[in-house]
file upload06.cif (mmCIF, C-alpha atoms)
data_target
loop_
_atom_site.label_atom_id
_atom_site.label_comp_id
_atom_site.auth_asym_id
_atom_site.auth_seq_id
_atom_site.Cartn_x
_atom_site.Cartn_y
_atom_site.Cartn_z
CA MET A 1233 4.41 28.76 1.43
CA SER A 1234 3.72 26.76 -1.66
CA GLY A 1235 5.78 26.21 -4.75
CA LYS A 1236 7.86 23.61 -6.43
CA ASP A 1237 10.34 23.11 -3.58
CA ARG A 1238 7.47 22.37 -1.23
CA ASP A 1239 5.79 20.04 -3.71
CA ASP A 1240 9.06 18.19 -4.24
CA ALA A 1241 9.69 17.83 -0.53
CA LEU A 1242 6.16 16.57 0.05
CA LEU A 1243 6.44 14.09 -2.81
CA ALA A 1244 9.73 12.78 -1.43
CA LEU A 1245 8.02 12.26 1.91
CA GLN A 1246 5.09 10.45 0.28
CA GLN A 1247 7.48 8.20 -1.61
CA ALA A 1248 9.48 7.36 1.51
CA LYS A 1249 6.34 6.65 3.55
CA PHE A 1250 4.84 4.47 0.86
CA THR A 1251 8.02 2.41 0.61
CA ALA A 1252 8.07 1.84 4.37
CA ILE A 1253 4.39 0.85 4.47
CA ASP A 1254 4.72 -1.60 1.60
CA LEU A 1255 7.82 -3.21 3.10
CA ALA A 1256 5.99 -3.54 6.41
CA LEU A 1257 3.20 -5.44 4.66
CA PHE A 1258 5.77 -7.89 3.32
CA LEU A 1259 7.29 -8.28 6.77
CA ASP A 1260 3.87 -9.07 8.25
CA THR A 1261 4.01 -12.37 6.37
CA HIS A 1262 7.83 -12.75 6.32
CA PRO A 1263 8.92 -11.74 9.83
CA ASP A 1264 12.25 -13.60 9.56
CA CYS A 1265 13.39 -12.11 6.24
CA ALA A 1266 16.59 -10.25 7.13
CA ALA A 1267 16.84 -8.50 3.77
CA ALA A 1268 13.32 -7.12 4.11
CA ASN A 1269 13.99 -6.07 7.67
CA ASP A 1270 17.12 -4.19 6.58
CA ALA A 1271 15.19 -2.53 3.76
CA TYR A 1272 12.45 -1.53 6.20
CA ARG A 1273 14.92 -0.01 8.65
CA SER A 1274 16.47 1.99 5.81
CA ALA A 1275 13.02 3.06 4.65
CA VAL A 1276 12.05 4.25 8.13
CA PHE A 1277 15.28 6.23 8.35
CA ALA A 1278 14.56 7.76 4.94
CA CYS A 1279 11.07 8.67 6.20
CA GLU A 1280 12.46 10.45 9.21
CA GLU A 1281 14.92 12.36 7.06
CA ALA A 1282 12.27 13.31 4.51
CA GLU A 1283 9.85 14.37 7.22
CA ALA A 1284 12.48 16.47 8.97
CA ALA A 1285 13.51 18.02 5.66
CA PHE A 1286 9.91 19.01 5.00
CA THR A 1287 8.95 20.25 8.44
CA ASP A 1288 12.14 22.28 8.86
CA ARG A 1289 11.33 24.34 5.77
CA PHE A 1290 7.56 24.16 5.31
CA GLY A 1291 5.96 23.52 8.66
CA PRO A 1292 4.28 20.57 10.29
CA VAL A 1293 2.94 17.56 8.42
CA CYS A 1294 1.18 16.05 11.43
CA GLN A 1295 -0.27 17.84 14.41
CA ARG A 1296 2.31 16.20 16.62
CA ASP A 1297 4.95 18.23 14.71
CA ALA A 1298 3.16 21.50 15.36
CA GLY A 1299 3.94 23.89 18.15
CA GLY A 1300 7.28 25.17 19.34
CA ASP A 1301 7.37 28.89 20.00
CA ARG A 1302 3.81 29.25 18.81
CA TRP A 1303 1.04 27.05 17.38
CA ASP A 1304 1.95 26.89 13.67
CA TRP A 1305 -0.49 24.17 12.63
CA THR A 1306 -2.81 26.68 10.94
CA ASP A 1307 -0.02 28.72 9.29
CA THR A 1308 0.38 26.51 6.25
CA PRO A 1309 -2.20 25.89 3.49
CA TRP A 1310 -4.90 23.28 4.01
CA PRO A 1311 -4.93 20.58 1.36
CA TRP A 1312 -7.79 22.25 -0.51
CA GLN A 1313 -5.82 25.49 -0.60
CA GLU A 1314 -2.73 23.94 -2.14
CA ARG A 1315 -3.46 25.19 -5.67
CA GLU A 1316 -4.72 28.63 -4.68
CA ALA A 1317 -1.38 29.99 -3.59
CA MET B 422 -26.41 -15.20 1.67
CA ASN B 423 -27.20 -18.60 3.12
CA PHE B 424 -27.36 -20.05 -0.36
CA TYR B 425 -24.28 -22.22 0.02
CA ARG B 426 -25.38 -23.53 3.37
CA ASN B 427 -28.48 -25.11 1.91
CA PRO B 428 -27.66 -28.81 1.38
CA GLY B 429 -30.04 -29.09 -1.53
CA ALA B 430 -28.89 -26.02 -3.37
CA ILE B 431 -27.19 -26.83 -6.64
CA PRO B 432 -26.97 -23.69 -8.73
CA ALA B 433 -27.74 -24.13 -12.41
CA TRP B 434 -24.44 -22.57 -13.42
CA SER B 435 -22.48 -25.24 -11.53
CA GLY B 436 -23.11 -27.79 -14.26
CA GLN B 437 -24.10 -30.32 -11.62
CA THR B 438 -27.50 -31.92 -11.99
CA ALA B 439 -27.38 -34.08 -8.90
CA ALA B 440 -25.28 -34.08 -5.78
CA PRO B 441 -22.45 -36.64 -5.92
CA ALA B 442 -22.35 -39.01 -2.98
CA ALA B 443 -19.33 -37.26 -1.52
CA ALA B 444 -20.84 -33.82 -1.89
CA LYS B 445 -24.17 -34.14 -0.09
CA ARG B 446 -23.61 -30.75 1.48
CA GLY B 447 -23.73 -29.00 -1.87
CA PRO B 448 -21.14 -27.76 -4.33
CA LEU B 449 -17.51 -28.02 -3.33
CA LEU B 450 -16.05 -25.02 -1.65
CA ALA B 451 -13.23 -23.24 -3.41
CA VAL B 452 -9.77 -24.07 -2.10
CA PRO B 453 -7.61 -21.07 -2.91
CA TYR B 454 -3.84 -21.12 -2.73
CA VAL B 455 -1.46 -18.20 -3.03
CA ARG B 456 2.20 -18.96 -3.51
CA PRO B 457 4.35 -17.29 -0.84
CA GLN B 458 6.04 -14.17 -2.10
CA GLU B 459 9.83 -14.27 -2.20
CA TRP B 460 12.10 -11.37 -1.41
CA GLU B 461 13.52 -9.48 -4.36
CA THR B 462 15.26 -6.21 -5.04
CA VAL B 463 12.60 -3.55 -4.59
CA TYR B 464 11.89 -0.43 -6.61
CA ALA B 465 13.32 2.92 -5.63
CA PRO B 466 10.77 4.99 -3.66
CA ALA B 467 9.85 7.29 -6.58
CA LYS B 468 9.05 4.37 -8.86
CA ALA B 469 7.34 2.42 -6.07
CA LEU B 470 4.81 5.19 -5.40
CA MET B 471 4.13 5.58 -9.11
CA ARG B 472 3.61 1.86 -9.62
CA GLY B 473 1.66 1.26 -6.44
CA THR B 474 4.04 -1.34 -5.03
CA VAL B 475 7.70 -1.65 -4.11
CA PHE B 476 7.77 -5.21 -5.41
CA PRO B 477 8.36 -5.84 -9.14
CA CYS B 478 6.63 -9.23 -8.86
CA LEU B 479 3.41 -7.49 -7.76
CA ASP B 480 3.60 -4.80 -10.42
CA LEU B 481 0.93 -6.40 -12.56
CA PRO B 482 -1.28 -5.18 -15.41
CA PHE B 483 -4.59 -5.09 -13.58
CA LEU B 484 -6.24 -3.34 -16.50
CA GLY B 485 -5.26 -6.18 -18.80
CA LYS B 486 -3.28 -3.76 -20.90
CA GLY B 487 -0.33 -2.81 -18.73
CA GLY B 488 -0.07 -0.31 -15.95
CA ALA B 489 -1.59 3.11 -16.43
CA ARG B 490 1.46 5.10 -15.42
CA LYS B 491 4.88 3.82 -16.44
#
call {"tool": "encode", "arguments": {"input": "upload06.cif", "output": "structure tokens"}}
result
Amino acid sequence: MSGKDRDDALLALQQAKFTAIDLALFLDTHPDCAAANDAYRSAVFACEEAEAAFTDRFGPVCQRDAGGDRWDWTDTPWPWQEREA
Amino acid sequence: MNFYRNPGAIPAWSGQTAAPAAAKRGPLLAVPYVRPQEWETVYAPAKALMRGTVFPCLDLPFLGKGGARK
């Protein structure tokens, strides 16, 4: 469940999400900045890709991603179990 | 917290000994101004997360000795 591949995928997701959030803060005060809007759209796309890449291999990140054939929310380690595996 | 609403309150640290005619309501309020941020080429996501911002112009040495994690 754990391991370097999972850590790397989670870090990539964190990086993508952070970029999108920070660009959104800029857009809050610059709603007409086309360059920022383009960058935000790209960042959101990167988020979706990074999230799909993680969940496909390592399970759900958010509860809304859980489910499918069976409830897999509790299959993966909780945050405080990350280093035990 | 009503200190500044008291017309007679002139704090010792203000350097004022008496209220000027135009400032009967007490010390002047601060008038802050922040220059609008301009768009710039942003950091790549990996660097942005490490630095705490995607914007190079906001990547500032808050510790007074440069960022902690380059």
call {"tool": "closest_atom_pairs", "arguments": {"input": "upload06.cif", "of": "chain B", "to": "chain A", "cutoff": "8 Å", "atoms": "all atoms listed in the file", "output": "tab-separated table"}}
result
residue	atom	partner	partner_atom	distance
B:Trp460	CA	A:Ala1268	CA	7.1
B:Pro466	CA	A:Gln1247	CA	5.0
B:Ala467	CA	A:Gln1247	CA	5.6
B:Ala469	CA	A:Thr1251	CA	6.7
B:Leu470	CA	A:Gln1247	CA	5.5
B:Thr474	CA	A:Asp1254	CA	6.7
B:Val475	CA	A:Thr1251	CA	6.2
call {"tool": "atom_distance", "arguments": {"input": "upload06.cif", "atom1": "atom CA of Pro1292 of chain A", "atom2": "atom CA of Ala465 of chain B"}}
result
25.4 Å
call {"tool": "axis_aligned_box", "arguments": {"input": "upload06.cif", "around": "segment 465-475 of chain B", "padding_each_side": "5 Å", "output": "lines of an AutoDock Vina configuration file"}}
result
center_x = 7.5
center_y = 2.8
center_z = -6.6
size_x = 21.7
size_y = 18.9
size_z = 16.0
call {"tool": "residues_around", "arguments": {"input": "upload06.cif", "residues": "Phe1290 of chain A", "least_positions_apart": "3", "cutoff": "10 Å", "atoms": "all atoms listed in the file", "output": "number ranges by chain"}}
result
A: 1233-1234, 1237-1238, 1241-1242, 1284-1287, 1293, 1307-1308
call {"tool": "atom_distance", "arguments": {"input": "upload06.cif", "atom1": "atom CA of Arg1296 of chain A", "atom2": "atom CA of Met471 of chain B"}}
result
27.9 Å
call {"tool": "atom_distance", "arguments": {"input": "upload06.cif", "atom1": "atom CA of Pro477 of chain B", "atom2": "atom CA of Glu1280 of chain A"}}
result
24.9 Å
call {"tool": "closest_residue", "arguments": {"input": "upload06.cif", "among": "A:Asp1270, A:Gly1300, A:Pro1311, A:Ala1282", "to": "Thr462 of chain B", "atoms": "all atoms listed in the file"}}
result
A:Asp1270
call {"tool": "decode", "arguments": {"input": "upload06.cif", "residues": "segment 1285-1310 of chain A", "atoms": "C-alpha atoms", "output": "mmCIF file, in the first residue's frame"}}
result
data_model
loop_
_atom_site.group_PDB
_atom_site.id
_atom_site.type_symbol
_atom_site.label_atom_id
_atom_site.label_comp_id
_atom_site.auth_asym_id
_atom_site.auth_seq_id
_atom_site.Cartn_x
_atom_site.Cartn_y
_atom_site.Cartn_z
ATOM 1 C CA ALA A 1285 -3.156 8.854 -11.292
ATOM 2 C CA PHE A 1286 -3.157 8.448 -7.520
ATOM 3 C CA THR A 1287 -6.606 6.990 -7.039
ATOM 4 C CA ASP A 1288 -6.217 4.510 -9.899
ATOM 5 C CA ARG A 1289 -3.203 2.927 -8.207
ATOM 6 C CA PHE A 1290 -3.520 3.671 -4.500
ATOM 7 C CA GLY A 1291 -7.161 4.161 -3.669
ATOM 8 C CA PRO A 1292 -9.331 7.122 -2.810
ATOM 9 C CA VAL A 1293 -8.008 10.473 -1.628
ATOM 10 C CA CYS A 1294 -11.427 11.873 -0.721
ATOM 11 C CA GLN A 1295 -14.485 9.983 0.405
ATOM 12 C CA ARG A 1296 -16.253 11.000 -2.766
ATOM 13 C CA ASP A 1297 -13.699 8.847 -4.652
ATOM 14 C CA ALA A 1298 -14.428 5.808 -2.522
ATOM 15 C CA GLY A 1299 -16.809 3.040 -3.431
ATOM 16 C CA GLY A 1300 -17.197 1.192 -6.684
ATOM 17 C CA ASP A 1301 -17.526 -2.555 -6.319
ATOM 18 C CA ARG A 1302 -17.048 -2.283 -2.583
ATOM 19 C CA TRP A 1303 -16.389 0.415 0.024
ATOM 20 C CA ASP A 1304 -12.594 0.849 -0.193
ATOM 21 C CA TRP A 1305 -12.285 3.978 1.948
ATOM 22 C CA THR A 1306 -10.904 2.014 4.899
ATOM 23 C CA ASP A 1307 -8.566 -0.203 2.824
ATOM 24 C CA THR A 1308 -5.694 2.251 2.662
ATOM 25 C CA PRO A 1309 -3.573 3.516 5.581
ATOM 26 C CA TRP A 1310 -4.829 6.402 7.688
#
